[in-house]
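Report on one structure; see the data block that follows.
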Amino acid sequence: MVRSGKPSEASWTGRVPGLGTGLVSYEDSISPEFYELEREAVFKRAWLNVGRVEQLPRKGSFFTKELTVAATSVIVTRDLDGRVHAFHNVCRHRGNKLLWGETPRDETSGVCRQFMCKYHGWRYGLDGELKFVLQEEEYFDFDRSEFPLVRVHCEVWEGFIFVNLSREPSQSLPDFLGPMVRGLEGYPFHLFTERYAFKADILSNWKIFLDAFQEYYHAPILHSQQQVPALRSFDTGFKVPYFQMDGPHRLVSTGGWKGVPRHMSPPENLYPIEHQVQAGMMGPWERPDIPELDPANLPPGINPGGLDPWSISNFQIFPNFVILLYERGWYLTYQYWPTSHNTHTWEMSYWFPPSRNASERIRHEVTAVVSKEAGLQDAGTLDGTQMGLESRVIDQWPLCDQEVTVRHLHKAVGDWVQSHLRDGQPEGRRDGEAVRA
Ligand code: FES
Ligand SMILES: [Fe+2]
């Protein structure tokens with residue numbers, strides 16, 4: 001028998017308490033029964049990002065978010081005093097969904113003073129208060145103040161709006177996020193008001209797609225035509241220089257920008273339009289002339305490994321939210337919303353500072369399109385992976401040290417499910433789990 005590989009004490013994996021280095025099962029991604037547990041233990045208990053404050057630009061702005069995984073829909077509002085609220089999207093009269101787009105399953109957004117139910121016309125304020133009941137005198141012992149919209153716990157952190165569907169969250173949002181994710185605090189997210197958003201229905205479990213974006217082991221192979229030569233090697237691969245775990249969250253940082261600038265790739269590695277407009281997968285080649293975006297002025301938590309060169313920090317916020325910050329001065333978010341044990345809806349948003357001229361606008365659009373192309377390459381493998389796992393030909397799989405994040409996510413989900421089964425509580429953060437270089 002030939003055995004090879006690094007000892008666990010010399011690896012990223014070996015530094016995460018309790019993670020182990022053994023084979024893993026993906027039963028958590030193919031089992032309908034596990035999915036039902038995950039809905040209760042994870043998605044009805046963790047803080048979930050549903051959007052950003054830029055989606056509520058004015059007093060009276062609102063949007064809805066379908067949370068199929070938790071069998072509900074929420075309305076997020078900015079009231080006339082500027083406060084942000086979240087409510088279940090359910091009329092208190094006979095249960096009709098209050099707001100929808102084209103059909104009851106479609107999300108919607110807008111600006112208004114009151115919400116009116118389409119069924120019998122009850123009206124609610126932006127703070128959830130029941131304002132009007134048709135023929136109120138026909139009701140019995142009726143007090144309108146007892147029938148507000150049902151409130152959902154909602155907190156805003158750095159402009160990101162999170163909800164928590166549990167009756168009483170076991171942790172505040174800052175405690176849940178923990179110090180590693182809170183290292184993002186102070187990043188000028190508010191400057192990024194130009195957004196390009198995409199959405200796709202994916203034929204895999206949500207974790208399978210998260211896995212595809214949280215390791216770069218696959219990059220030289222799956223994205224071979226988009227790699228600079230130094231990274232594109234079928235034999236030597238590409239290694240991530242920095243990982244960090246904190247509670248259920250993960251961080252992956254990549255370097256290499258200055259060493260191997262993407263725009264110095266030979267022309268065959270780029271689409272012609274990338275040369276034409278000087279923008280591509282890593283963003284516009286020129287960083288915006290905004291002092292807050294100069295890497296020297298960024299909060300240290302953005303690149304906690306102190307990589308130099310540094311190119312991307314990929315924050316994987318448990319359970320299903322990802323923020324990628326690019327050295328070129330823009331950021332990207334992903335959300336993975338389960339719709340069944342083997343399907344999910346994937347959302348991707350590109351965020352840029354507003355274009356000041358047509359060239360900048362074109363660079364943003366080219367970045368979004370070229371980067372989305374890479375995302376589609378990742379998405380293209382997913383139903384193949386799901387089918388392979390569902391065949392149950394194999395039930396134990398190896399993971400290398402560069403896939404430590406994959407191992408960590410499945411363990412974190414498993415821990416939350418176990419904790420829920422044991423005592424009805426979410427796993428939450430545990431002190432002493434931070435792993436640093
Ligand atoms: S169900 Fe909404 S007013 Fe009747
Ligand atoms: Fe990829």
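Every chain in the structure tokens takes a letter, A first, then B, and so on in the order presented; its residues are numbered from 1, and the ligands are numbered from 1 following the presented order.
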
Residues up to 12 Å from ligand 1, counting only C-alpha atoms and all ligand atoms: could you list those as a ChimeraX atom specification?
/A:89-99,115-124,130-136,147-149

Which residues sit within 7 Å of ligand 2, counting only C-alpha atoms and all ligand atoms, listed as a ChimeraX atom specification?
/A:212-213,216,218-219,222-223,374-375,377-378

Which residue of A:Gly247, A:Pro291, A:Pro354, A:Gly60 approaches His190 of chain A most closely, using only C-alpha atoms:
A:Pro354

Set the distance at 8 Å and use only C-alpha atoms: which residues neighbour Lys239 of chain A once local chain neighbours fewer than 2 positions away are removed? I'd like the list as number ranges by chain.
A: 216-217, 237, 241, 402

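All residues of segment 244-320 of chain A that DSSP, run on the backbone, classes as strand (DSSP E or B) are Gln244, Met245, Asp246, His249, Arg250, Leu251, Val252, Ser253, Thr254, Ala279, Gly280, Gly283, Pro284, Ile312, Ser313, Asn314, Phe315, Gln316 and Ile317 of chain A.
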
Please identify all polymer residues within 6 Å of Trp47 of chain A, counting only C-alpha atoms, omitting same-chain residues fewer than 5 positions from it, and present them as a PyMOL selection string.
chain A and resi 162-164

Writing out the chosen residues with N, CA, C and O atoms as a PDB file, in the first residue's frame:
```pdb
ATOM      1  N   PHE A 162     -30.100  41.359   7.759  1.00  0.00           N
ATOM      2  CA  PHE A 162     -30.233  39.948   8.143  1.00  0.00           C
ATOM      3  C   PHE A 162     -31.558  39.752   8.867  1.00  0.00           C
ATOM      4  O   PHE A 162     -32.006  40.633   9.611  1.00  0.00           O
ATOM      5  N   VAL A 163     -32.161  38.577   8.670  1.00  0.00           N
ATOM      6  CA  VAL A 163     -33.337  38.197   9.453  1.00  0.00           C
ATOM      7  C   VAL A 163     -33.030  36.897  10.183  1.00  0.00           C
ATOM      8  O   VAL A 163     -32.131  36.142   9.797  1.00  0.00           O
ATOM      9  N   ASN A 164     -33.789  36.681  11.244  1.00  0.00           N
ATOM     10  CA  ASN A 164     -33.675  35.424  11.989  1.00  0.00           C
ATOM     11  C   ASN A 164     -35.084  34.960  12.287  1.00  0.00           C
ATOM     12  O   ASN A 164     -35.886  35.695  12.886  1.00  0.00           O
TER      13      ASN A 164
END
```

Counting only C-alpha atoms, the residue among A:Val277, A:Leu399, A:Leu191, A:Leu332 that lies closest to Glu360 of chain A is A:Val277

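The closest residue to His364 of chain A, picked from A:Gly306, A:Gly280, A:Pro32, A:Pro169 and counting only C-alpha atoms, is A:Gly280.
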
Need to verify the contact set: Phe43 of chain A, 10 Å, only C-alpha atoms, exclusion of same-chain residues closer than 2 positions in sequence. Can you return it as a VMD selection string?
chain A and resid 37 to 41 45 to 48 67 69 to 70 164 to 166 318 to 320 337 to 338

Can you spit out the residues from that selection as a JSON list (two decimals), in the first residue's frame, using N, CA, C and O atoms?
```json
[["chain", "number", "residue", "atom", "x", "y", "z"],
["A", 37, "LEU", "N", -34.32, 18.21, 8.46],
["A", 37, "LEU", "CA", -33.64, 18.59, 9.70],
["A", 37, "LEU", "C", -32.92, 19.92, 9.53],
["A", 37, "LEU", "O", -32.95, 20.79, 10.41],
["A", 38, "GLU", "N", -32.25, 20.06, 8.40],
["A", 38, "GLU", "CA", -31.48, 21.28, 8.11],
["A", 38, "GLU", "C", -32.39, 22.51, 8.06],
["A", 38, "GLU", "O", -32.01, 23.60, 8.53],
["A", 39, "ARG", "N", -33.58, 22.35, 7.52],
["A", 39, "ARG", "CA", -34.52, 23.48, 7.48],
["A", 39, "ARG", "C", -34.79, 24.00, 8.88],
["A", 39, "ARG", "O", -34.80, 25.21, 9.12],
["A", 40, "GLU", "N", -35.03, 23.06, 9.79],
["A", 40, "GLU", "CA", -35.35, 23.46, 11.17],
["A", 40, "GLU", "C", -34.12, 23.94, 11.91],
["A", 40, "GLU", "O", -34.14, 24.97, 12.58],
["A", 41, "ALA", "N", -33.04, 23.16, 11.81],
["A", 41, "ALA", "CA", -31.87, 23.40, 12.67],
["A", 41, "ALA", "C", -31.01, 24.56, 12.18],
["A", 41, "ALA", "O", -30.36, 25.21, 13.00],
["A", 45, "ARG", "N", -33.00, 29.07, 12.23],
["A", 45, "ARG", "CA", -32.30, 29.51, 13.45],
["A", 45, "ARG", "C", -31.13, 30.45, 13.20],
["A", 45, "ARG", "O", -30.83, 31.30, 14.01],
["A", 46, "ALA", "N", -30.46, 30.30, 12.08],
["A", 46, "ALA", "CA", -29.30, 31.17, 11.82],
["A", 46, "ALA", "C", -29.77, 32.54, 11.31],
["A", 46, "ALA", "O", -30.89, 32.69, 10.82],
["A", 47, "TRP", "N", -28.91, 33.53, 11.44],
["A", 47, "TRP", "CA", -29.16, 34.83, 10.81],
["A", 47, "TRP", "C", -28.93, 34.68, 9.31],
["A", 47, "TRP", "O", -27.91, 34.15, 8.88],
["A", 48, "LEU", "N", -29.90, 35.16, 8.50],
["A", 48, "LEU", "CA", -29.85, 35.00, 7.05],
["A", 48, "LEU", "C", -29.81, 36.37, 6.38],
["A", 48, "LEU", "O", -30.65, 37.23, 6.68],
["A", 67, "LEU", "N", -38.54, 32.73, 1.11],
["A", 67, "LEU", "CA", -37.67, 31.82, 1.86],
["A", 67, "LEU", "C", -38.34, 30.44, 1.86],
["A", 67, "LEU", "O", -38.88, 29.98, 2.88],
["A", 69, "VAL", "N", -37.16, 27.60, 1.85],
["A", 69, "VAL", "CA", -36.54, 26.65, 2.79],
["A", 69, "VAL", "C", -37.20, 26.72, 4.16],
["A", 69, "VAL", "O", -37.22, 25.73, 4.90],
["A", 70, "ALA", "N", -37.73, 27.89, 4.51],
["A", 70, "ALA", "CA", -38.40, 28.04, 5.80],
["A", 70, "ALA", "C", -39.91, 28.15, 5.61],
["A", 70, "ALA", "O", -40.63, 28.56, 6.54],
["A", 164, "ASN", "N", -33.79, 36.68, 11.24],
["A", 164, "ASN", "CA", -33.67, 35.42, 11.99],
["A", 164, "ASN", "C", -35.08, 34.96, 12.29],
["A", 164, "ASN", "O", -35.89, 35.69, 12.89],
["A", 165, "LEU", "N", -35.42, 33.74, 11.83],
["A", 165, "LEU", "CA", -36.80, 33.26, 11.89],
["A", 165, "LEU", "C", -37.13, 32.55, 13.20],
["A", 165, "LEU", "O", -38.26, 32.12, 13.40],
["A", 166, "SER", "N", -36.15, 32.43, 14.10],
["A", 166, "SER", "CA", -36.48, 31.76, 15.35],
["A", 166, "SER", "C", -37.30, 32.70, 16.24],
["A", 166, "SER", "O", -37.28, 33.92, 16.07],
["A", 318, "PHE", "N", -21.89, 31.71, 7.35],
["A", 318, "PHE", "CA", -22.81, 30.61, 7.56],
["A", 318, "PHE", "C", -24.25, 31.12, 7.62],
["A", 318, "PHE", "O", -24.50, 32.14, 8.25],
["A", 319, "PRO", "N", -25.25, 30.45, 7.07],
["A", 319, "PRO", "CA", -25.06, 29.23, 6.30],
["A", 319, "PRO", "C", -24.83, 29.45, 4.80],
["A", 319, "PRO", "O", -24.14, 28.67, 4.20],
["A", 320, "ASN", "N", -25.44, 30.51, 4.21],
["A", 320, "ASN", "CA", -25.57, 30.50, 2.75],
["A", 320, "ASN", "C", -25.22, 31.82, 2.08],
["A", 320, "ASN", "O", -25.73, 32.13, 1.03],
["A", 337, "TRP", "N", -30.17, 29.62, -1.90],
["A", 337, "TRP", "CA", -31.45, 29.41, -1.19],
["A", 337, "TRP", "C", -31.99, 28.04, -1.53],
["A", 337, "TRP", "O", -32.46, 27.81, -2.65],
["A", 338, "PRO", "N", -31.95, 27.10, -0.59],
["A", 338, "PRO", "CA", -32.45, 25.75, -0.89],
["A", 338, "PRO", "C", -33.94, 25.78, -1.25],
["A", 338, "PRO", "O", -34.71, 26.54, -0.66]]
```

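The coordinates place atom CA of Phe62 of chain A at 29.4 Å from atom CA of Ser371 of chain A.
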
For Met180 of chain A: contacts at 9 Å, only C-alpha atoms, fewer than 2 positions along chain excluded, given as a ChimeraX atom specification
/A:177-178,182-184,244-246,249-251,301,304,315,434

So what do you get for atom CA of Asn269 of chain A versus atom CA of Met282 of chain A, distance-wise?
13.3 Å

Name all residues at most 12 Å from Asn297 of chain A (count only C-alpha atoms; drop same-chain ones fewer than 4 positions away) and give them as a CSV table (one decimal) with N, CA, C and O atoms, in the first residue's frame.
```csv
chain,number,residue,atom,x,y,z
A,186,GLY,N,-16.1,48.6,8.6
A,186,GLY,CA,-15.3,49.7,8.1
A,186,GLY,C,-15.0,49.7,6.6
A,186,GLY,O,-14.6,50.7,6.1
A,187,TYR,N,-15.3,48.5,5.9
A,187,TYR,CA,-15.1,48.5,4.5
A,187,TYR,C,-16.2,49.5,3.9
A,187,TYR,O,-17.4,49.4,4.4
A,188,PRO,N,-15.9,50.3,2.9
A,188,PRO,CA,-16.9,51.3,2.5
A,188,PRO,C,-18.0,50.7,1.6
A,188,PRO,O,-18.2,51.1,0.4
A,290,ILE,N,-10.6,56.2,-5.5
A,290,ILE,CA,-11.4,56.5,-4.3
A,290,ILE,C,-10.5,56.1,-3.1
A,290,ILE,O,-10.1,54.9,-3.0
A,291,PRO,N,-10.1,57.1,-2.3
A,291,PRO,CA,-9.1,56.8,-1.3
A,291,PRO,C,-9.5,55.6,-0.4
A,291,PRO,O,-8.6,54.8,0.0
A,292,GLU,N,-10.8,55.5,-0.1
A,292,GLU,CA,-11.2,54.4,0.9
A,292,GLU,C,-11.0,53.0,0.3
A,292,GLU,O,-11.0,52.1,1.0
A,293,LEU,N,-10.8,53.0,-1.1
A,293,LEU,CA,-10.6,51.7,-1.7
A,293,LEU,C,-9.1,51.3,-1.9
A,293,LEU,O,-8.8,50.2,-2.4
A,301,GLY,N,-8.9,43.5,8.7
A,301,GLY,CA,-9.6,42.2,8.6
A,301,GLY,C,-10.0,41.8,7.2
A,301,GLY,O,-10.5,40.7,7.0
A,302,ILE,N,-9.8,42.7,6.3
A,302,ILE,CA,-10.2,42.3,4.9
A,302,ILE,C,-9.1,41.3,4.3
A,302,ILE,O,-9.5,40.4,3.6
A,303,ASN,N,-7.9,41.5,4.7
A,303,ASN,CA,-6.8,40.6,4.3
A,303,ASN,C,-6.1,40.1,5.6
A,303,ASN,O,-4.9,40.5,5.8
A,327,GLU,N,-9.3,43.1,-4.7
A,327,GLU,CA,-8.2,44.1,-4.5
A,327,GLU,C,-8.5,45.3,-5.5
A,327,GLU,O,-8.1,46.4,-5.2
A,329,GLY,N,-11.0,46.8,-6.1
A,329,GLY,CA,-12.0,47.8,-5.6
A,329,GLY,C,-13.4,47.6,-6.0
A,329,GLY,O,-14.1,48.5,-6.4
```

Among the residues of segment 279-434 of chain A, find those DSSP assigns to helix (DSSP H, G or I) from the backbone and print them as a VMD selection string.
chain A and resid 291 to 293 295 to 297 300 to 302 358 to 379 382 to 390 401 to 423

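Using only C-alpha atoms, the shortest contact distance between Thr13 of chain A and any of A:Val413, A:Val404, A:Val152, A:Val76 is found at A:Val404.
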
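Atom CA of Phe198 of chain A is found 11.7 Å from atom CA of Glu373 of chain A.
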